[in-house]
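Peer 1: One structure, pasted below without further comment.
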There are 2 protein chains.
Amino acid sequence: MKKNISILGSTGSVGRNTLEIIENFPESFQVWGLAAHKNIDLLEKQIKKFKPRIASLSDPALAGQLKERCRGYDVEILSGEAGAVRVATIPEVDLVVSAMVGAAGLIPTFAAISHGKDIALANKETLVTAGEIITHEARRKDVRIVPVDSEHSAILQAMQGHDPSTVKCLILTASGGPFKNHSLSELQNVTLEEALQHPTWNMGQKITIDSATLMNKGLEVIEARWLFDIPLSRIKIVIHPQSIVHSMVEYIDGSIIAQLGIPDMKIPISYALAYPERLPLNLPSLELTKLGNLSFQEPDFDRFPCLRYAYQAGEEGGSLPIVVNASNEVAVEFFLKRKIRFMDIQTTIGRVMEEHTPRKVSAIEEVLEIDQWARRAAEKVINHER
Amino acid sequence: MKKNISILGSTGSVGRNTLEIIENFPESFQVWGLAAHKNIDLLEKQIKKFKPRIASLSDPALAGQLKERCRGYDVEILSGEAGAVRVATIPEVDLVVSAMVGAAGLIPTFAAISHGKDIALANKETLVTAGEIITHEARRKDVRIVPVDSEHSAILQAMQGHDPSTVKCLILTASGGPFKNHSLSELQNVTLEEALQHPTWNMGQKITIDSATLMNKGLEVIEARWLFDIPLSRIKIVIHPQSIVHSMVEYIDGSIIAQLGIPDMKIPISYALAYPERLPLNLPSLELTKLGNLSFQEPDFDRFPCLRYAYQAGEEGGSLPIVVNASNEVAVEFFLKRKIRFMDIQTTIGRVMEEHTPRKVSAIEEVLEIDQWARRAAEKVINHER
């Protein structure tokens, strides 16, 4: 039986890889909905190739143009958040790939869960900012949230078939980013170009900067807490510069189960699409004997304070992870525009955290409110410092 | 509910480790039978501590002494192959730990399977020499054979919960032994003492020499073929000098699942005892960040021809694996007595293989006949060469 799929963020890196896999397994998957931000040209091509019933763009004006271009195709073109929600909740759809960037993914992903759709989750912010609400709703609707991130996919694979009560700890691997061996003073002077040179993975700009600050790993720790229902005190990070071991699980008998592979997002994406099965991907094998050495180091919370902020936020829970995530998004945006320096990213987050009084959060609307507050606070901090 | 256990080879390294685990989990396991070769002192202690119903020694005279020493204990003392078979087939027993050294384990292990007992298998020869007969009988009796070897335990753990039809290949790791970097001419001159220095595992003498010739890994390949029902062409070996990754499974999507841990036999033994559960062992954690590098190399079939012989025997099947195993046992015995040199081990095996006309094997008795023929042939080869 075919799985019916909607993709939120179909023109991004995860979305494109997802469609490439679907193209290779037409007997297994059918595209029903596509939502994108503003890449109208690519979305048009995707519509004409995959023939979804509904497609949506963020901007209404662009959606109008797209409607013109798709005249004669049997597709409903929508726009805005409401459009993305419609894509996420098409009655026939079984699985929604949640791959929008940032907080924009939260509402449509929540809507998909409320409508009983399984989720292939690439959008980190969903669980980082609303982990408790989302996982509660997923349990209520008996919905499966399967991670697309290579680290969480590795952990899922390493827990598959093993009794979760025998897990001792999760070990998330981190490449360490381009600055893993930089001293604190060297970190003061790194450029945007250097920060955008990820040593092992080819990804979008935002996540590449998050990898350089290690905030990406911090957010993944919070995400893992919700995905696998394990307290943060039992989630560890090790720096593994080669990005071959994608993550590990240690059990109570001292056994560690690890998932390894070439750094290609198609592996975790296909696993999330076909879960619990696997697709025969035509990728080159990992040549263990040609790899060189694999190494593991302790992460340095002093040189990479974003890690400390993320653990603190994850342990506190409630509103604090929202604040960390939103202030980080704003700071990275300013860094990408060359308006602040690399180390200002973590300073900004730290300042906004200090200004914030943590509280409990019980509805998606509150998440968005706190998110907005933190964004304004981060902008204020940045403008004040400049 | 307690598992009732018999141990074949209770005074050997695996047997002692098994009893140590059972001692720590008295609510999970009960010892019903113990069989040993000739270590009467240790078996006496084990009887008095674990209070089995039946115990057996190979030698009838020693068994007579043991009976004297255990006067007043409610234990039946037996001897010889018949004694071991009785230990293996006690009606109340659920699981038989098959940990005798060499061909002696075959008859009692087969008897245990025929009586419907699950097997924790440490005795390599059982599957190497009689894989087809044993696995056929195990299927017929719906008996589970769980490996105790660290490599096969790793593969079992890495396949647990994953669809076996999605396995692309098994990757057995090998430490490479003490001579992994020796040239062919250096190998001519290695001493017994050097061969007994295993770099990472502390094991018995026979298996330590087999690790130095890599015959141990060759036999494991044949064993894996039967345990996991995978053809030899899809079983690979990689040299991994650190013995941290105990083995791996590659899937059709390019994912590799690996099991890692400190090199302590208690981990795979406890997994086989508690399978599919895990026991909370009080072992030190594997400190990934203190390990140094992990590396992987191709095995060299020219410097270690035992590997080639084992693959050839495994692919041919029938009588050939029996011949390889028996001639290896004889040759290693002579090497341990300093009567032949290290490289004579493989020469002997090669000669006996040449002399042998492979044939099908369909009964345990035939296995033993061919085993005896190969032993005599190996002795002749050795005596002729000297």
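Just so we're on the same page: first chain in the structure tokens is A, next is B, and so on; residues restart at 1 for each chain, and ligands are numbered from 1 in the order they show up.
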Would you mind listing, as a VMD selection string, all residues of chain A that have at least one atom within 9 Å of chain B, where only C-alpha atoms are what counts?
Peer 2: chain A and resid 154 157 to 163 166 238 to 239 250 to 262 266 to 268 270 to 271 276 to 286 288 to 298
Peer 1: Please provide as a PDB file with all heavy atoms, in the first residue's frame all residues within 9 Å of Asn39 (chain B), with the sequence filter that same-chain residues fewer than 5 positions apart are discarded (counting only C-alpha atoms).
Peer 2:
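Below is the file that was written, around.pdb:
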```
ATOM      1  N   THR B  11      33.937 -24.939  34.109  1.00  0.00           N
ATOM      2  CA  THR B  11      35.183 -24.487  34.737  1.00  0.00           C
ATOM      3  C   THR B  11      36.068 -23.685  33.776  1.00  0.00           C
ATOM      4  O   THR B  11      37.119 -23.188  34.159  1.00  0.00           O
ATOM      5  CB  THR B  11      35.985 -25.698  35.271  1.00  0.00           C
ATOM      6  OG1 THR B  11      36.241 -26.601  34.177  1.00  0.00           O
ATOM      7  CG2 THR B  11      35.208 -26.424  36.357  1.00  0.00           C
ATOM      8  N   GLY B  12      35.647 -23.560  32.529  1.00  0.00           N
ATOM      9  CA  GLY B  12      36.397 -22.754  31.568  1.00  0.00           C
ATOM     10  C   GLY B  12      36.079 -21.280  31.733  1.00  0.00           C
ATOM     11  O   GLY B  12      35.300 -20.886  32.615  1.00  0.00           O
ATOM     12  N   GLU B  44      34.098 -28.869  42.181  1.00  0.00           N
ATOM     13  CA  GLU B  44      33.647 -29.136  43.553  1.00  0.00           C
ATOM     14  C   GLU B  44      33.136 -27.843  44.212  1.00  0.00           C
ATOM     15  O   GLU B  44      32.051 -27.801  44.790  1.00  0.00           O
ATOM     16  CB  GLU B  44      34.790 -29.733  44.373  1.00  0.00           C
ATOM     17  CG  GLU B  44      34.379 -30.041  45.813  1.00  0.00           C
ATOM     18  CD  GLU B  44      35.586 -30.364  46.710  1.00  0.00           C
ATOM     19  OE1 GLU B  44      36.698 -30.554  46.190  1.00  0.00           O
ATOM     20  OE2 GLU B  44      35.390 -30.399  47.940  1.00  0.00           O
ATOM     21  N   LEU B  57      32.031 -34.946  35.055  1.00  0.00           N
ATOM     22  CA  LEU B  57      33.410 -34.727  34.610  1.00  0.00           C
ATOM     23  C   LEU B  57      33.702 -35.684  33.459  1.00  0.00           C
ATOM     24  O   LEU B  57      33.094 -36.760  33.375  1.00  0.00           O
ATOM     25  CB  LEU B  57      34.388 -35.007  35.758  1.00  0.00           C
ATOM     26  CG  LEU B  57      34.580 -33.887  36.795  1.00  0.00           C
ATOM     27  CD1 LEU B  57      35.337 -34.408  38.007  1.00  0.00           C
ATOM     28  CD2 LEU B  57      35.332 -32.715  36.176  1.00  0.00           C
TER      29      LEU B  57
END
```
Peer 1: Would you list, as a PyMOL selection string, the residues of region 86-228 of chain B that end up in alpha helix (DSSP H) under DSSP run on this structure's backbone?
Peer 2: chain B and resi 86-88+106-114+124-140+150-159+184-188+192-195+205-213+215-228
Peer 1: Tell me, in Å to one decimal, how far CA of Ile133 (chain B) is from CA of Gln372 (chain B).
Peer 2: 18.2 Å
Peer 1: Quick one: everything within 8 Å of Arg375 (chain B), counting only C-alpha atoms, minus sequence neighbours fewer than 6 positions away in the same chain. Send it as a PyMOL selection string.
Peer 2: chain B and resi 326-327+330
Peer 1: Using C-alpha atoms, can you export the residues from the last selection as a PDB file, in the first residue's frame?
Peer 2:
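For reference, selection.pdb as written:
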```pdb
ATOM      1  CA  ALA B 326      39.946 -30.612  13.074  1.00  0.00           C
ATOM      2  CA  SER B 327      43.266 -30.177  11.301  1.00  0.00           C
ATOM      3  CA  VAL B 330      45.650 -30.732  15.860  1.00  0.00           C
TER       4      VAL B 330
END
```
Peer 1: What's the separation between CA of Thr129 (chain A) and CA of Gln188 (chain A), in Å to one decimal place?
Peer 2: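 About the pair CA of Thr129 (chain A) and CA of Gln188 (chain A): they are 29.0 Å apart.
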Peer 1: Applying 6 Å and only C-alpha atoms, which residues near Ser247 (chain B) remain after dropping the ones on its own chain fewer than 3 positions away? List them as a list in words.
Peer 2: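 In the requested format, the answer is Glu151, Ala154, Ile155, Ile171, Leu172, Thr173 and Ala258 of chain B.
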Peer 1: Could you list, as a tab-separated table (two decimals) with all heavy atoms, in the first residue's frame, every residue within 8 Å of Thr109 (chain A), counting only C-alpha atoms and ignoring same-chain residues fewer than 6 positions away?
Peer 2:
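File out09.tsv, as written:
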```tsv
chain	number	residue	atom	x	y	z
A	85	VAL	N	-1.40	24.81	6.76
A	85	VAL	CA	-2.22	23.94	7.61
A	85	VAL	C	-3.10	23.02	6.75
A	85	VAL	O	-3.24	21.84	7.05
A	85	VAL	CB	-3.08	24.78	8.59
A	85	VAL	CG1	-4.16	23.92	9.24
A	85	VAL	CG2	-2.20	25.43	9.65
A	88	ALA	N	-1.07	20.28	5.53
A	88	ALA	CA	-0.72	19.35	6.61
A	88	ALA	C	-1.88	18.47	7.04
A	88	ALA	O	-1.69	17.48	7.74
A	88	ALA	CB	-0.20	20.13	7.82
A	96	VAL	N	3.13	13.40	7.33
A	96	VAL	CA	3.52	14.76	6.99
A	96	VAL	C	5.00	14.95	7.28
A	96	VAL	O	5.45	14.68	8.40
A	96	VAL	CB	2.68	15.79	7.78
A	96	VAL	CG1	3.21	17.21	7.54
A	96	VAL	CG2	1.21	15.70	7.38
A	98	SER	N	7.67	17.32	8.13
A	98	SER	CA	7.71	18.67	8.69
A	98	SER	C	9.12	19.22	8.55
A	98	SER	O	10.00	18.93	9.36
A	98	SER	CB	7.29	18.61	10.16
A	98	SER	OG	7.55	19.84	10.79
A	119	ILE	N	4.26	11.92	11.72
A	119	ILE	CA	5.13	13.04	11.37
A	119	ILE	C	6.55	12.54	11.13
A	119	ILE	O	7.10	11.79	11.94
A	119	ILE	CB	5.18	14.08	12.53
A	119	ILE	CG1	3.77	14.55	12.91
A	119	ILE	CG2	6.10	15.24	12.17
A	119	ILE	CD1	3.10	15.42	11.88
A	126	THR	N	9.94	22.62	16.51
A	126	THR	CA	8.68	22.06	16.97
A	126	THR	C	8.83	21.44	18.36
A	126	THR	O	8.08	21.76	19.29
A	126	THR	CB	8.19	20.99	15.97
A	126	THR	OG1	8.06	21.62	14.69
A	126	THR	CG2	6.85	20.42	16.38
```
